[in-house]
Amino acid sequence: MSVYTKVSPEELSAWLADYSIGRLLGLQGIASGIENTNYFVTTTHGRYVLTLFERLGFEELPFYLNLMAHLARHAIPCPAPVANRRNELLGALKGKPATLVTRLSGAPVFQPGNAHCAQVGAMLAAMHVAGASYDGKLENPRGAAWRRETAPLVAGFLDASRQDLLAAEVEFESQQRFDALPRGPTHGDLFRDNVLFEGESSSQRIGGVIDFYFAGIDSLLFDVAVTLNDWCVDPAGRIDPGRAQALLAAYQEARPLTAMEREAWPAMLRAAALRFWLSRLYDFYLPRPGELTHAHDPEHFRRVLELRRRDACPIPCR
């Protein structure tokens, strides 16, 4: 989430006239993230998040907005898109696709313990189970095809050892049979900053799951690997066994992994690390101009990838 496109209070007030959410009271840019322009919006009726999409087009966005609406109907605490007076979830503001969603309570936890990870694993499984009845069709925008296409674009910025690592991992992934694994809607970016916890530190619970704009149809196991590679690691990228076991055990209470998924798990951890190393390389070396932007350090996920090549995380037995 960033601010690439400036929106004034006057412009937003005029746009909100097409909604039944009251009068604008406050507008604040959100600085974290790198993909879209986001603002906190406060009106006389409540608190919302306004998103202007900088890369996604009108044809892609219904998948994301309808997925959030679908999950919200299944009691998943995710942002619910707000319809305008014509019952549309998507509009246009400053020449960009734009939407308004409910703002959830809580705050991210950046030093999670086993209990946090268990809740995240259970919530991810609940999302996958609820998503099984969603009929939207959009392949993961950062899936295997994107990784193959993006690798040559960033390779020239790397030294020889990193080029070799990148080429080897792209080739390794091409030999896997991930398409044979259970598939469905995936969040694709369930990092610590995209889960909000509320309550006292001794009894926190998940208040919301946000930022579905990297969602897509993919192997459900990929979503698990992405999540574990962020929630269950130390600053160096090494897996914390206690947190990993807590997340995986809680996930499997709702959706047990298949034998093929268990076999594919070590390779999937590598694919998930490769996805974020590549996206961070791309954003670091080929950035877009914008205000209040923040590009993440690519080296963290390069180290994670190196570690996953050497050592996988065991899946607990049920």
# chains A, B, ... in the order shown; residues from 1 in each chain; ligands from 1
$ residues_around --residues "A:Asp234" --least-positions-apart "2" --cutoff "12 Å" --atoms "only C-alpha atoms" --output "PDB file with N, CA and C atoms, in the first residue's frame"
ATOM      1  N   PHE A 110       4.391  -8.248  14.774  1.00  0.00           N
ATOM      2  CA  PHE A 110       5.628  -8.480  14.029  1.00  0.00           C
ATOM      3  C   PHE A 110       6.598  -9.414  14.741  1.00  0.00           C
ATOM      4  N   GLN A 111       6.282  -9.799  15.959  1.00  0.00           N
ATOM      5  CA  GLN A 111       7.076 -10.802  16.673  1.00  0.00           C
ATOM      6  C   GLN A 111       6.123 -11.884  17.172  1.00  0.00           C
ATOM      7  N   PRO A 112       5.620 -12.707  16.256  1.00  0.00           N
ATOM      8  CA  PRO A 112       4.585 -13.679  16.627  1.00  0.00           C
ATOM      9  C   PRO A 112       5.149 -14.838  17.433  1.00  0.00           C
ATOM     10  N   GLY A 113       4.287 -15.407  18.269  1.00  0.00           N
ATOM     11  CA  GLY A 113       4.611 -16.620  18.994  1.00  0.00           C
ATOM     12  C   GLY A 113       3.855 -17.800  18.417  1.00  0.00           C
ATOM     13  N   LEU A 228       4.110 -19.621   5.836  1.00  0.00           N
ATOM     14  CA  LEU A 228       5.105 -20.129   6.775  1.00  0.00           C
ATOM     15  C   LEU A 228       6.444 -19.429   6.601  1.00  0.00           C
ATOM     16  N   ASN A 229       6.825 -19.108   5.361  1.00  0.00           N
ATOM     17  CA  ASN A 229       8.117 -18.466   5.106  1.00  0.00           C
ATOM     18  C   ASN A 229       8.215 -17.066   5.704  1.00  0.00           C
ATOM     19  N   ASP A 230       7.086 -16.497   6.118  1.00  0.00           N
ATOM     20  CA  ASP A 230       7.141 -15.204   6.788  1.00  0.00           C
ATOM     21  C   ASP A 230       6.851 -15.326   8.282  1.00  0.00           C
ATOM     22  N   TRP A 231       5.809 -16.057   8.654  1.00  0.00           N
ATOM     23  CA  TRP A 231       5.376 -16.103  10.040  1.00  0.00           C
ATOM     24  C   TRP A 231       6.282 -16.946  10.934  1.00  0.00           C
ATOM     25  N   CYS A 232       6.954 -17.917  10.367  1.00  0.00           N
ATOM     26  CA  CYS A 232       7.635 -18.925  11.185  1.00  0.00           C
ATOM     27  C   CYS A 232       9.144 -18.894  11.003  1.00  0.00           C
ATOM     28  N   ALA A 236      17.006 -14.065  10.235  1.00  0.00           N
ATOM     29  CA  ALA A 236      17.917 -14.591   9.214  1.00  0.00           C
ATOM     30  C   ALA A 236      17.203 -15.474   8.198  1.00  0.00           C
ATOM     31  N   GLY A 237      15.922 -15.782   8.425  1.00  0.00           N
ATOM     32  CA  GLY A 237      15.177 -16.620   7.504  1.00  0.00           C
ATOM     33  C   GLY A 237      15.103 -18.079   7.896  1.00  0.00           C
ATOM     34  N   ARG A 238      15.733 -18.441   9.032  1.00  0.00           N
ATOM     35  CA  ARG A 238      15.679 -19.827   9.492  1.00  0.00           C
ATOM     36  C   ARG A 238      14.305 -20.134  10.083  1.00  0.00           C
ATOM     37  N   ILE A 239      13.795 -21.349   9.824  1.00  0.00           N
ATOM     38  CA  ILE A 239      12.475 -21.738  10.310  1.00  0.00           C
ATOM     39  C   ILE A 239      12.538 -22.007  11.812  1.00  0.00           C
ATOM     40  N   ASP A 240      11.583 -21.428  12.535  1.00  0.00           N
ATOM     41  CA  ASP A 240      11.419 -21.712  13.955  1.00  0.00           C
ATOM     42  C   ASP A 240      10.524 -22.944  14.074  1.00  0.00           C
ATOM     43  N   PRO A 241      11.033 -24.066  14.584  1.00  0.00           N
ATOM     44  CA  PRO A 241      10.251 -25.305  14.587  1.00  0.00           C
ATOM     45  C   PRO A 241       8.927 -25.201  15.348  1.00  0.00           C
ATOM     46  N   GLY A 242       8.933 -24.532  16.490  1.00  0.00           N
ATOM     47  CA  GLY A 242       7.716 -24.435  17.276  1.00  0.00           C
ATOM     48  C   GLY A 242       6.618 -23.688  16.558  1.00  0.00           C
ATOM     49  N   ARG A 243       6.960 -22.548  15.990  1.00  0.00           N
ATOM     50  CA  ARG A 243       5.955 -21.772  15.267  1.00  0.00           C
ATOM     51  C   ARG A 243       5.480 -22.511  14.014  1.00  0.00           C
ATOM     52  N   ALA A 244       6.423 -23.141  13.312  1.00  0.00           N
ATOM     53  CA  ALA A 244       6.050 -23.869  12.088  1.00  0.00           C
ATOM     54  C   ALA A 244       5.107 -25.024  12.404  1.00  0.00           C
ATOM     55  N   HIS A 300      16.756 -10.557   1.840  1.00  0.00           N
ATOM     56  CA  HIS A 300      16.141 -11.423   2.847  1.00  0.00           C
ATOM     57  C   HIS A 300      15.632 -12.703   2.208  1.00  0.00           C
ATOM     58  N   ARG A 303      18.291 -15.114   0.994  1.00  0.00           N
ATOM     59  CA  ARG A 303      18.786 -15.958   2.082  1.00  0.00           C
ATOM     60  C   ARG A 303      17.775 -17.055   2.427  1.00  0.00           C
ATOM     61  N   VAL A 304      16.484 -16.710   2.449  1.00  0.00           N
ATOM     62  CA  VAL A 304      15.454 -17.720   2.713  1.00  0.00           C
ATOM     63  C   VAL A 304      15.525 -18.830   1.670  1.00  0.00           C
ATOM     64  N   LEU A 307      18.431 -21.128   2.277  1.00  0.00           N
ATOM     65  CA  LEU A 307      18.158 -22.011   3.416  1.00  0.00           C
ATOM     66  C   LEU A 307      17.187 -23.127   3.039  1.00  0.00           C
TER      67      LEU A 307
END
$ residues_around --residues "A:Leu196" --least-positions-apart "2" --cutoff "12 Å" --atoms "only C-alpha atoms" --output "CSV table (one decimal) with N, CA, C and O atoms, in the first residue's frame"
chain,number,residue,atom,x,y,z
A,77,PRO,N,-13.0,-12.8,8.5
A,77,PRO,CA,-12.8,-11.4,8.8
A,77,PRO,C,-11.9,-10.7,7.8
A,77,PRO,O,-10.8,-10.4,8.1
A,78,CYS,N,-12.4,-10.4,6.6
A,78,CYS,CA,-11.7,-9.7,5.6
A,78,CYS,C,-12.4,-8.4,5.2
A,78,CYS,O,-13.6,-8.3,5.5
A,79,PRO,N,-11.8,-7.5,4.5
A,79,PRO,CA,-12.4,-6.3,4.1
A,79,PRO,C,-13.6,-6.6,3.2
A,79,PRO,O,-13.5,-7.3,2.3
A,103,ARG,N,-12.9,-0.9,6.9
A,103,ARG,CA,-11.6,-0.9,7.6
A,103,ARG,C,-11.8,-1.8,8.9
A,103,ARG,O,-12.7,-1.6,9.7
A,104,LEU,N,-10.9,-2.8,9.0
A,104,LEU,CA,-11.0,-3.7,10.1
A,104,LEU,C,-10.2,-3.2,11.3
A,104,LEU,O,-9.3,-2.4,11.2
A,105,SER,N,-10.5,-3.8,12.5
A,105,SER,CA,-9.8,-3.4,13.7
A,105,SER,C,-8.6,-4.3,13.9
A,105,SER,O,-8.5,-5.4,13.3
A,106,GLY,N,-7.8,-3.8,14.8
A,106,GLY,CA,-6.6,-4.6,15.1
A,106,GLY,C,-5.3,-4.0,14.5
A,106,GLY,O,-5.3,-3.0,13.8
A,107,ALA,N,-4.2,-4.7,14.8
A,107,ALA,CA,-2.9,-4.2,14.3
A,107,ALA,C,-2.0,-5.4,14.1
A,107,ALA,O,-2.2,-6.5,14.7
A,108,PRO,N,-1.0,-5.3,13.1
A,108,PRO,CA,-0.1,-6.5,12.9
A,108,PRO,C,0.7,-6.8,14.1
A,108,PRO,O,1.0,-5.9,15.0
A,109,VAL,N,1.1,-8.1,14.2
A,109,VAL,CA,2.0,-8.5,15.2
A,109,VAL,C,3.3,-8.9,14.5
A,109,VAL,O,3.3,-9.9,13.7
A,110,PHE,N,4.4,-8.2,14.8
A,110,PHE,CA,5.6,-8.5,14.0
A,110,PHE,C,6.6,-9.4,14.7
A,110,PHE,O,7.6,-9.8,14.2
A,112,PRO,N,5.6,-12.7,16.3
A,112,PRO,CA,4.6,-13.7,16.6
A,112,PRO,C,5.1,-14.8,17.4
A,112,PRO,O,6.3,-15.2,17.3
A,116,HIS,N,0.0,-17.2,18.0
A,116,HIS,CA,-0.3,-16.4,16.8
A,116,HIS,C,-0.3,-17.2,15.5
A,116,HIS,O,-1.2,-17.2,14.7
A,119,GLN,N,-3.2,-19.5,15.1
A,119,GLN,CA,-4.4,-18.8,14.6
A,119,GLN,C,-4.3,-18.5,13.1
A,119,GLN,O,-5.3,-18.6,12.4
A,120,VAL,N,-3.1,-18.2,12.7
A,120,VAL,CA,-2.9,-17.9,11.3
A,120,VAL,C,-3.1,-19.1,10.4
A,120,VAL,O,-3.8,-19.1,9.4
A,123,MET,N,-6.8,-19.8,10.3
A,123,MET,CA,-7.5,-18.9,9.4
A,123,MET,C,-7.2,-19.2,8.0
A,123,MET,O,-8.1,-19.1,7.1
A,190,LEU,N,0.1,-13.6,2.5
A,190,LEU,CA,-0.4,-13.6,3.9
A,190,LEU,C,0.8,-13.4,4.9
A,190,LEU,O,1.1,-14.3,5.7
A,191,PHE,N,1.4,-12.3,4.8
A,191,PHE,CA,2.6,-11.9,5.6
A,191,PHE,C,2.0,-11.3,6.9
A,191,PHE,O,0.8,-11.0,7.1
A,192,ARG,N,2.9,-11.0,7.9
A,192,ARG,CA,2.6,-10.5,9.2
A,192,ARG,C,1.8,-9.2,9.1
A,192,ARG,O,1.0,-8.9,9.9
A,193,ASP,N,2.2,-8.3,8.1
A,193,ASP,CA,1.5,-7.0,8.0
A,193,ASP,C,0.1,-7.1,7.4
A,193,ASP,O,-0.6,-6.1,7.4
A,194,ASN,N,-0.3,-8.3,7.0
A,194,ASN,CA,-1.6,-8.5,6.4
A,194,ASN,C,-2.6,-9.2,7.3
A,194,ASN,O,-3.7,-9.6,6.8
A,198,GLU,N,-6.3,-8.3,17.5
A,198,GLU,CA,-6.9,-7.4,18.5
A,198,GLU,C,-6.9,-8.1,19.9
A,198,GLU,O,-6.9,-9.3,20.0
A,199,GLY,N,-7.1,-7.2,20.9
A,199,GLY,CA,-7.1,-7.7,22.3
A,199,GLY,C,-5.8,-7.6,23.0
A,199,GLY,O,-4.8,-7.1,22.5
A,204,GLN,N,-4.7,-12.4,22.5
A,204,GLN,CA,-5.0,-11.8,21.2
A,204,GLN,C,-5.7,-12.8,20.2
A,204,GLN,O,-5.5,-14.0,20.3
A,205,ARG,N,-6.6,-12.2,19.4
A,205,ARG,CA,-7.2,-13.0,18.4
A,205,ARG,C,-7.2,-12.2,17.1
A,205,ARG,O,-7.1,-11.0,17.0
A,206,ILE,N,-7.4,-12.9,16.0
A,206,ILE,CA,-7.3,-12.3,14.6
A,206,ILE,C,-8.6,-11.4,14.5
A,206,ILE,O,-9.7,-11.9,14.6
A,207,GLY,N,-8.4,-10.2,14.2
A,207,GLY,CA,-9.5,-9.2,13.9
A,207,GLY,C,-9.7,-9.0,12.4
A,207,GLY,O,-10.7,-8.5,12.0
A,208,GLY,N,-8.7,-9.4,11.6
A,208,GLY,CA,-8.9,-9.2,10.2
A,208,GLY,C,-7.7,-9.7,9.3
A,208,GLY,O,-6.6,-9.8,9.8
A,209,VAL,N,-8.0,-10.1,8.1
A,209,VAL,CA,-7.1,-10.4,7.1
A,209,VAL,C,-7.2,-9.5,5.9
A,209,VAL,O,-8.4,-9.3,5.4
A,210,ILE,N,-6.2,-8.8,5.5
A,210,ILE,CA,-6.3,-7.7,4.5
A,210,ILE,C,-5.4,-8.0,3.3
A,210,ILE,O,-4.6,-8.9,3.3
A,211,ASP,N,-5.5,-7.1,2.3
A,211,ASP,CA,-4.7,-7.0,1.1
A,211,ASP,C,-4.8,-8.3,0.3
A,211,ASP,O,-3.8,-9.1,0.2
$ select_by_dssp --residues "stretch 13-229 of chain A" --states "strand (DSSP E or B)" --output "MDAnalysis selection string"
chainID A and resid 24:29 37:43 46:52 81 91:93 96:102 107 139 183:186 195:198 205:209 216:219
$ write_last_selection --atoms "N, CA and C atoms" --output "compact mmCIF listing (two decimals), in the first residue's frame"
# COMPACT_ATOMS: atom_id res chain seq x y z
N LEU A 24 -17.65 13.03 4.33
CA LEU A 24 -16.23 12.80 4.58
C LEU A 24 -15.76 13.63 5.77
N LEU A 25 -15.06 12.95 6.69
CA LEU A 25 -14.48 13.61 7.86
C LEU A 25 -12.96 13.62 7.83
N GLY A 26 -12.35 12.56 7.24
CA GLY A 26 -10.89 12.48 7.26
C GLY A 26 -10.35 11.66 6.11
N LEU A 27 -9.14 12.01 5.67
CA LEU A 27 -8.47 11.31 4.57
C LEU A 27 -6.98 11.28 4.88
N GLN A 28 -6.41 10.07 4.93
CA GLN A 28 -5.00 9.93 5.30
C GLN A 28 -4.33 8.89 4.42
N GLY A 29 -3.22 9.25 3.78
CA GLY A 29 -2.48 8.31 2.95
C GLY A 29 -1.84 7.21 3.77
N THR A 37 -2.29 2.73 -4.54
CA THR A 37 -2.50 3.92 -3.72
C THR A 37 -3.61 3.63 -2.73
N ASN A 38 -3.34 3.85 -1.44
CA ASN A 38 -4.32 3.55 -0.39
C ASN A 38 -4.47 4.72 0.56
N TYR A 39 -5.69 4.94 1.00
CA TYR A 39 -6.01 5.97 1.99
C TYR A 39 -6.94 5.40 3.04
N PHE A 40 -6.74 5.82 4.28
CA PHE A 40 -7.76 5.64 5.30
C PHE A 40 -8.80 6.74 5.10
N VAL A 41 -10.06 6.35 5.12
CA VAL A 41 -11.17 7.28 4.91
C VAL A 41 -12.11 7.18 6.11
N THR A 42 -12.43 8.31 6.69
CA THR A 42 -13.40 8.35 7.79
C THR A 42 -14.57 9.21 7.35
N THR A 43 -15.79 8.68 7.54
CA THR A 43 -17.00 9.43 7.21
C THR A 43 -17.90 9.45 8.44
N GLY A 46 -18.68 5.74 9.28
CA GLY A 46 -17.71 4.73 9.69
C GLY A 46 -16.33 4.95 9.11
N ARG A 47 -15.50 3.89 9.20
CA ARG A 47 -14.11 3.94 8.74
C ARG A 47 -13.93 2.97 7.58
N TYR A 48 -13.20 3.42 6.56
CA TYR A 48 -13.04 2.64 5.34
C TYR A 48 -11.60 2.76 4.84
N VAL A 49 -11.29 1.95 3.83
CA VAL A 49 -10.02 2.07 3.11
C VAL A 49 -10.34 2.27 1.64
N LEU A 50 -9.78 3.33 1.08
CA LEU A 50 -9.91 3.63 -0.35
C LEU A 50 -8.66 3.12 -1.06
N THR A 51 -8.85 2.37 -2.13
CA THR A 51 -7.72 1.89 -2.93
C THR A 51 -7.89 2.32 -4.38
N LEU A 52 -6.84 2.95 -4.92
CA LEU A 52 -6.74 3.23 -6.35
C LEU A 52 -5.69 2.28 -6.91
N PRO A 81 -16.05 -5.19 0.38
CA PRO A 81 -16.22 -4.08 -0.56
C PRO A 81 -17.58 -3.41 -0.38
N GLY A 91 -15.31 1.40 -9.04
CA GLY A 91 -15.54 2.66 -9.73
C GLY A 91 -14.26 3.19 -10.32
N ALA A 92 -14.25 4.47 -10.68
CA ALA A 92 -13.07 5.12 -11.23
C ALA A 92 -12.87 6.45 -10.52
N LEU A 93 -11.62 6.74 -10.15
CA LEU A 93 -11.27 7.99 -9.47
C LEU A 93 -9.91 8.42 -9.98
N LYS A 96 -8.26 6.16 -12.44
CA LYS A 96 -7.80 4.84 -12.00
C LYS A 96 -8.98 4.02 -11.48
N PRO A 97 -8.93 2.69 -11.64
CA PRO A 97 -9.93 1.86 -10.95
C PRO A 97 -9.83 2.10 -9.45
N ALA A 98 -10.97 2.16 -8.79
CA ALA A 98 -10.96 2.48 -7.35
C ALA A 98 -12.08 1.74 -6.66
N THR A 99 -11.83 1.39 -5.40
CA THR A 99 -12.84 0.72 -4.60
C THR A 99 -12.74 1.19 -3.16
N LEU A 100 -13.81 0.99 -2.44
CA LEU A 100 -13.89 1.34 -1.03
C LEU A 100 -14.25 0.07 -0.27
N VAL A 101 -13.50 -0.25 0.79
CA VAL A 101 -13.78 -1.44 1.59
C VAL A 101 -13.85 -1.05 3.06
N THR A 102 -14.47 -1.89 3.87
CA THR A 102 -14.53 -1.63 5.29
C THR A 102 -13.13 -1.72 5.91
N ALA A 107 -4.19 -4.66 14.79
CA ALA A 107 -2.89 -4.22 14.30
C ALA A 107 -2.02 -5.44 14.05
N GLU A 139 -5.72 -16.83 -12.64
CA GLU A 139 -4.50 -17.49 -12.18
C GLU A 139 -3.68 -16.55 -11.30
N ARG A 183 -6.06 -27.25 -5.81
CA ARG A 183 -5.99 -25.85 -6.21
C ARG A 183 -7.25 -25.09 -5.78
N GLY A 184 -7.14 -23.80 -5.73
CA GLY A 184 -8.27 -22.96 -5.38
C GLY A 184 -7.80 -21.53 -5.19
N PRO A 185 -8.68 -20.65 -4.73
CA PRO A 185 -8.28 -19.27 -4.47
C PRO A 185 -7.25 -19.20 -3.33
N THR A 186 -6.17 -18.49 -3.58
CA THR A 186 -5.13 -18.30 -2.58
C THR A 186 -4.98 -16.81 -2.29
N VAL A 195 -2.20 -9.43 8.52
CA VAL A 195 -3.10 -10.03 9.51
C VAL A 195 -3.17 -9.09 10.70
N LEU A 196 -4.36 -8.72 11.11
CA LEU A 196 -4.56 -7.80 12.21
C LEU A 196 -5.03 -8.57 13.44
N PHE A 197 -4.36 -8.35 14.56
CA PHE A 197 -4.75 -8.97 15.82
C PHE A 197 -5.34 -7.90 16.73
N GLU A 198 -6.31 -8.30 17.54
CA GLU A 198 -6.88 -7.38 18.50
C GLU A 198 -6.94 -8.05 19.87
N ARG A 205 -6.57 -12.22 19.38
CA ARG A 205 -7.23 -13.02 18.36
C ARG A 205 -7.22 -12.24 17.06
N ILE A 206 -7.37 -12.94 15.96
CA ILE A 206 -7.34 -12.29 14.65
C ILE A 206 -8.58 -11.43 14.47
N GLY A 207 -8.35 -10.15 14.17
CA GLY A 207 -9.45 -9.24 13.89
C GLY A 207 -9.68 -9.02 12.42
N GLY A 208 -8.72 -9.39 11.59
CA GLY A 208 -8.91 -9.18 10.16
C GLY A 208 -7.74 -9.70 9.33
N VAL A 209 -8.04 -10.07 8.11
CA VAL A 209 -7.05 -10.45 7.09
C VAL A 209 -7.24 -9.48 5.93
N GLY A 216 -5.20 -15.27 -6.23
CA GLY A 216 -5.37 -15.93 -7.52
C GLY A 216 -5.51 -17.42 -7.33
N ILE A 217 -5.87 -18.09 -8.39
CA ILE A 217 -6.00 -19.55 -8.34
C ILE A 217 -4.61 -20.17 -8.44
N ASP A 218 -4.30 -21.01 -7.48
CA ASP A 218 -2.99 -21.65 -7.45
C ASP A 218 -3.09 -22.87 -6.55
N SER A 219 -1.98 -23.58 -6.40
CA SER A 219 -1.92 -24.68 -5.45
C SER A 219 -2.13 -24.12 -4.04
$ closest_residue --among "A:Ala272, A:Ala264, A:Ala145, A:Ala115" --to "A:Gln245" --atoms "only C-alpha atoms"
A:Ala115
$ select_by_dssp --residues "stretch 144-275 of chain A" --states "helix (DSSP H, G or I)" --output "VMD selection string"
chain A and resid 144 to 155 160 to 174 178 to 180 192 to 194 201 to 203 220 to 231 241 to 254 259 to 275
$ closest_residue --among "A:Arg148, A:Arg162, A:Arg288, A:Arg142" --to "A:Glu54" --atoms "only C-alpha atoms"
A:Arg288
$ residues_around --residues "stretch 57-71 of chain A" --least-positions-apart "6" --cutoff "8 Å" --atoms "only C-alpha atoms" --output "NGL selection string"
:A and (77-81 or 89-90 or 97 or 127 or 130-131 or 134 or 136-138 or 212-213 or 215)
$ closest_residue --among "A:Leu278, A:Leu220, A:Ile21, A:Ala118" --to "A:Pro152" --atoms "only C-alpha atoms"
A:Leu278
$ residues_around --residues "A:Leu281" --least-positions-apart "5" --cutoff "10 Å" --atoms "only C-alpha atoms" --output "list in words"
Thr150, Ala151, Leu153, Val154, Ala155, Phe157, Leu158, Phe276, Leu286, Pro287, Ala295, His296, Asp297, Pro298, Glu299, Phe301 and Arg302 of chain A
$ residues_around --residues "A:Ala312" --least-positions-apart "5" --cutoff "9 Å" --atoms "only C-alpha atoms" --output "NGL selection string"
:A and (239 or 265-267 or 269-270 or 307)
$ residues_around --residues "A:Gln176" --least-positions-apart "4" --cutoff "12 Å" --atoms "only C-alpha atoms" --output "list in words"
Ala144, Glu169, Val170, Glu171, Phe172, Ala180, Leu181, Met260, Glu261, Glu263, Ala264, Trp265, Pro266, Ala267, Met268, Arg270 and Ala271 of chain A
$ write_last_selection --atoms "all heavy atoms" --output "short mmCIF file (atom, residue, chain, number, x, y, z; two decimals), in the first residue's frame"
data_model
loop_
_atom_site.label_atom_id
_atom_site.label_comp_id
_atom_site.auth_asym_id
_atom_site.auth_seq_id
_atom_site.Cartn_x
_atom_site.Cartn_y
_atom_site.Cartn_z
N ALA A 144 3.87 -19.40 -11.36
CA ALA A 144 5.06 -19.95 -12.01
C ALA A 144 5.35 -19.28 -13.34
O ALA A 144 6.51 -19.04 -13.69
CB ALA A 144 4.88 -21.46 -12.19
N GLU A 169 16.96 -22.20 -9.76
CA GLU A 169 15.65 -22.34 -9.12
C GLU A 169 14.51 -22.31 -10.13
O GLU A 169 13.53 -23.03 -9.99
CB GLU A 169 15.45 -21.26 -8.06
CG GLU A 169 16.18 -21.56 -6.78
CD GLU A 169 15.78 -22.91 -6.19
OE1 GLU A 169 14.58 -23.11 -5.90
OE2 GLU A 169 16.67 -23.76 -6.02
N VAL A 170 14.62 -21.47 -11.15
CA VAL A 170 13.61 -21.44 -12.20
C VAL A 170 13.57 -22.79 -12.90
O VAL A 170 12.49 -23.34 -13.18
CB VAL A 170 13.87 -20.29 -13.19
CG1 VAL A 170 12.94 -20.40 -14.40
CG2 VAL A 170 13.67 -18.95 -12.49
N GLU A 171 14.72 -23.36 -13.17
CA GLU A 171 14.78 -24.68 -13.81
C GLU A 171 14.23 -25.75 -12.87
O GLU A 171 13.47 -26.63 -13.30
CB GLU A 171 16.23 -25.01 -14.19
CG GLU A 171 16.44 -26.42 -14.72
CD GLU A 171 15.65 -26.73 -15.98
OE1 GLU A 171 15.30 -25.77 -16.71
OE2 GLU A 171 15.37 -27.93 -16.23
N PHE A 172 14.59 -25.70 -11.59
CA PHE A 172 14.08 -26.67 -10.63
C PHE A 172 12.56 -26.63 -10.56
O PHE A 172 11.89 -27.67 -10.58
CB PHE A 172 14.68 -26.38 -9.25
CG PHE A 172 14.12 -27.23 -8.15
CD1 PHE A 172 14.52 -28.55 -8.00
CD2 PHE A 172 13.18 -26.71 -7.26
CE1 PHE A 172 13.99 -29.35 -6.98
CE2 PHE A 172 12.66 -27.50 -6.24
CZ PHE A 172 13.06 -28.81 -6.10
N ALA A 180 -0.72 -30.65 -10.25
CA ALA A 180 -1.49 -31.82 -9.84
C ALA A 180 -1.97 -31.73 -8.40
O ALA A 180 -2.75 -32.58 -7.95
CB ALA A 180 -0.64 -33.08 -10.02
N LEU A 181 -1.55 -30.70 -7.67
CA LEU A 181 -1.94 -30.55 -6.28
C LEU A 181 -3.30 -29.87 -6.18
O LEU A 181 -3.75 -29.20 -7.12
CB LEU A 181 -0.88 -29.71 -5.55
CG LEU A 181 0.55 -30.25 -5.57
CD1 LEU A 181 1.49 -29.26 -4.89
CD2 LEU A 181 0.62 -31.62 -4.91
N MET A 260 0.37 -36.23 -1.80
CA MET A 260 1.13 -35.51 -2.83
C MET A 260 1.60 -34.16 -2.31
O MET A 260 2.71 -33.71 -2.65
CB MET A 260 0.27 -35.33 -4.08
CG MET A 260 0.06 -36.59 -4.89
SD MET A 260 -0.77 -36.26 -6.48
CE MET A 260 0.47 -35.27 -7.30
N GLU A 261 0.78 -33.49 -1.51
CA GLU A 261 1.20 -32.20 -0.96
C GLU A 261 2.37 -32.37 0.00
O GLU A 261 3.31 -31.56 -0.01
CB GLU A 261 0.02 -31.54 -0.25
CG GLU A 261 -1.04 -30.98 -1.21
CD GLU A 261 -2.22 -30.40 -0.47
OE1 GLU A 261 -2.78 -31.09 0.41
OE2 GLU A 261 -2.61 -29.24 -0.78
N GLU A 263 4.63 -34.65 -0.12
CA GLU A 263 5.82 -34.94 -0.93
C GLU A 263 6.35 -33.67 -1.59
O GLU A 263 7.57 -33.48 -1.73
CB GLU A 263 5.47 -35.98 -1.99
CG GLU A 263 6.65 -36.40 -2.85
CD GLU A 263 6.27 -37.44 -3.90
OE1 GLU A 263 5.12 -37.93 -3.86
OE2 GLU A 263 7.12 -37.76 -4.74
N ALA A 264 5.45 -32.78 -1.99
CA ALA A 264 5.85 -31.56 -2.70
C ALA A 264 6.29 -30.44 -1.76
O ALA A 264 6.80 -29.41 -2.23
CB ALA A 264 4.68 -31.06 -3.56
N TRP A 265 6.12 -30.61 -0.45
CA TRP A 265 6.33 -29.54 0.50
C TRP A 265 7.72 -28.91 0.42
O TRP A 265 7.84 -27.67 0.35
CB TRP A 265 6.03 -30.05 1.90
CG TRP A 265 6.25 -29.08 3.02
CD1 TRP A 265 7.08 -29.24 4.08
CD2 TRP A 265 5.60 -27.82 3.22
NE1 TRP A 265 6.99 -28.16 4.94
CE2 TRP A 265 6.10 -27.28 4.42
CE3 TRP A 265 4.66 -27.09 2.49
CZ2 TRP A 265 5.69 -26.03 4.91
CZ3 TRP A 265 4.25 -25.86 2.97
CH2 TRP A 265 4.76 -25.35 4.17
N PRO A 266 8.82 -29.66 0.43
CA PRO A 266 10.13 -29.00 0.35
C PRO A 266 10.31 -28.15 -0.90
O PRO A 266 10.85 -27.04 -0.83
CB PRO A 266 11.12 -30.18 0.37
CG PRO A 266 10.37 -31.29 1.03
CD PRO A 266 8.95 -31.12 0.58
N ALA A 267 9.84 -28.65 -2.04
CA ALA A 267 9.96 -27.88 -3.28
C ALA A 267 9.07 -26.65 -3.25
O ALA A 267 9.43 -25.59 -3.78
CB ALA A 267 9.59 -28.76 -4.48
N MET A 268 7.90 -26.75 -2.61
CA MET A 268 6.99 -25.61 -2.56
C MET A 268 7.54 -24.50 -1.67
O MET A 268 7.35 -23.32 -1.97
CB MET A 268 5.61 -26.07 -2.06
CG MET A 268 4.54 -25.02 -2.26
SD MET A 268 4.23 -24.65 -4.01
CE MET A 268 3.13 -26.00 -4.45
N ARG A 270 10.61 -23.73 -1.49
CA ARG A 270 11.56 -23.06 -2.37
C ARG A 270 10.84 -22.16 -3.37
O ARG A 270 11.27 -21.02 -3.63
CB ARG A 270 12.42 -24.09 -3.08
CG ARG A 270 13.38 -24.82 -2.17
CD ARG A 270 14.03 -26.03 -2.80
NE ARG A 270 14.83 -25.73 -3.98
CZ ARG A 270 15.63 -26.60 -4.59
NH1 ARG A 270 15.73 -27.85 -4.09
NH2 ARG A 270 16.33 -26.26 -5.65
N ALA A 271 9.73 -22.64 -3.94
CA ALA A 271 8.98 -21.84 -4.90
C ALA A 271 8.43 -20.57 -4.25
O ALA A 271 8.43 -19.49 -4.86
CB ALA A 271 7.84 -22.67 -5.49
#
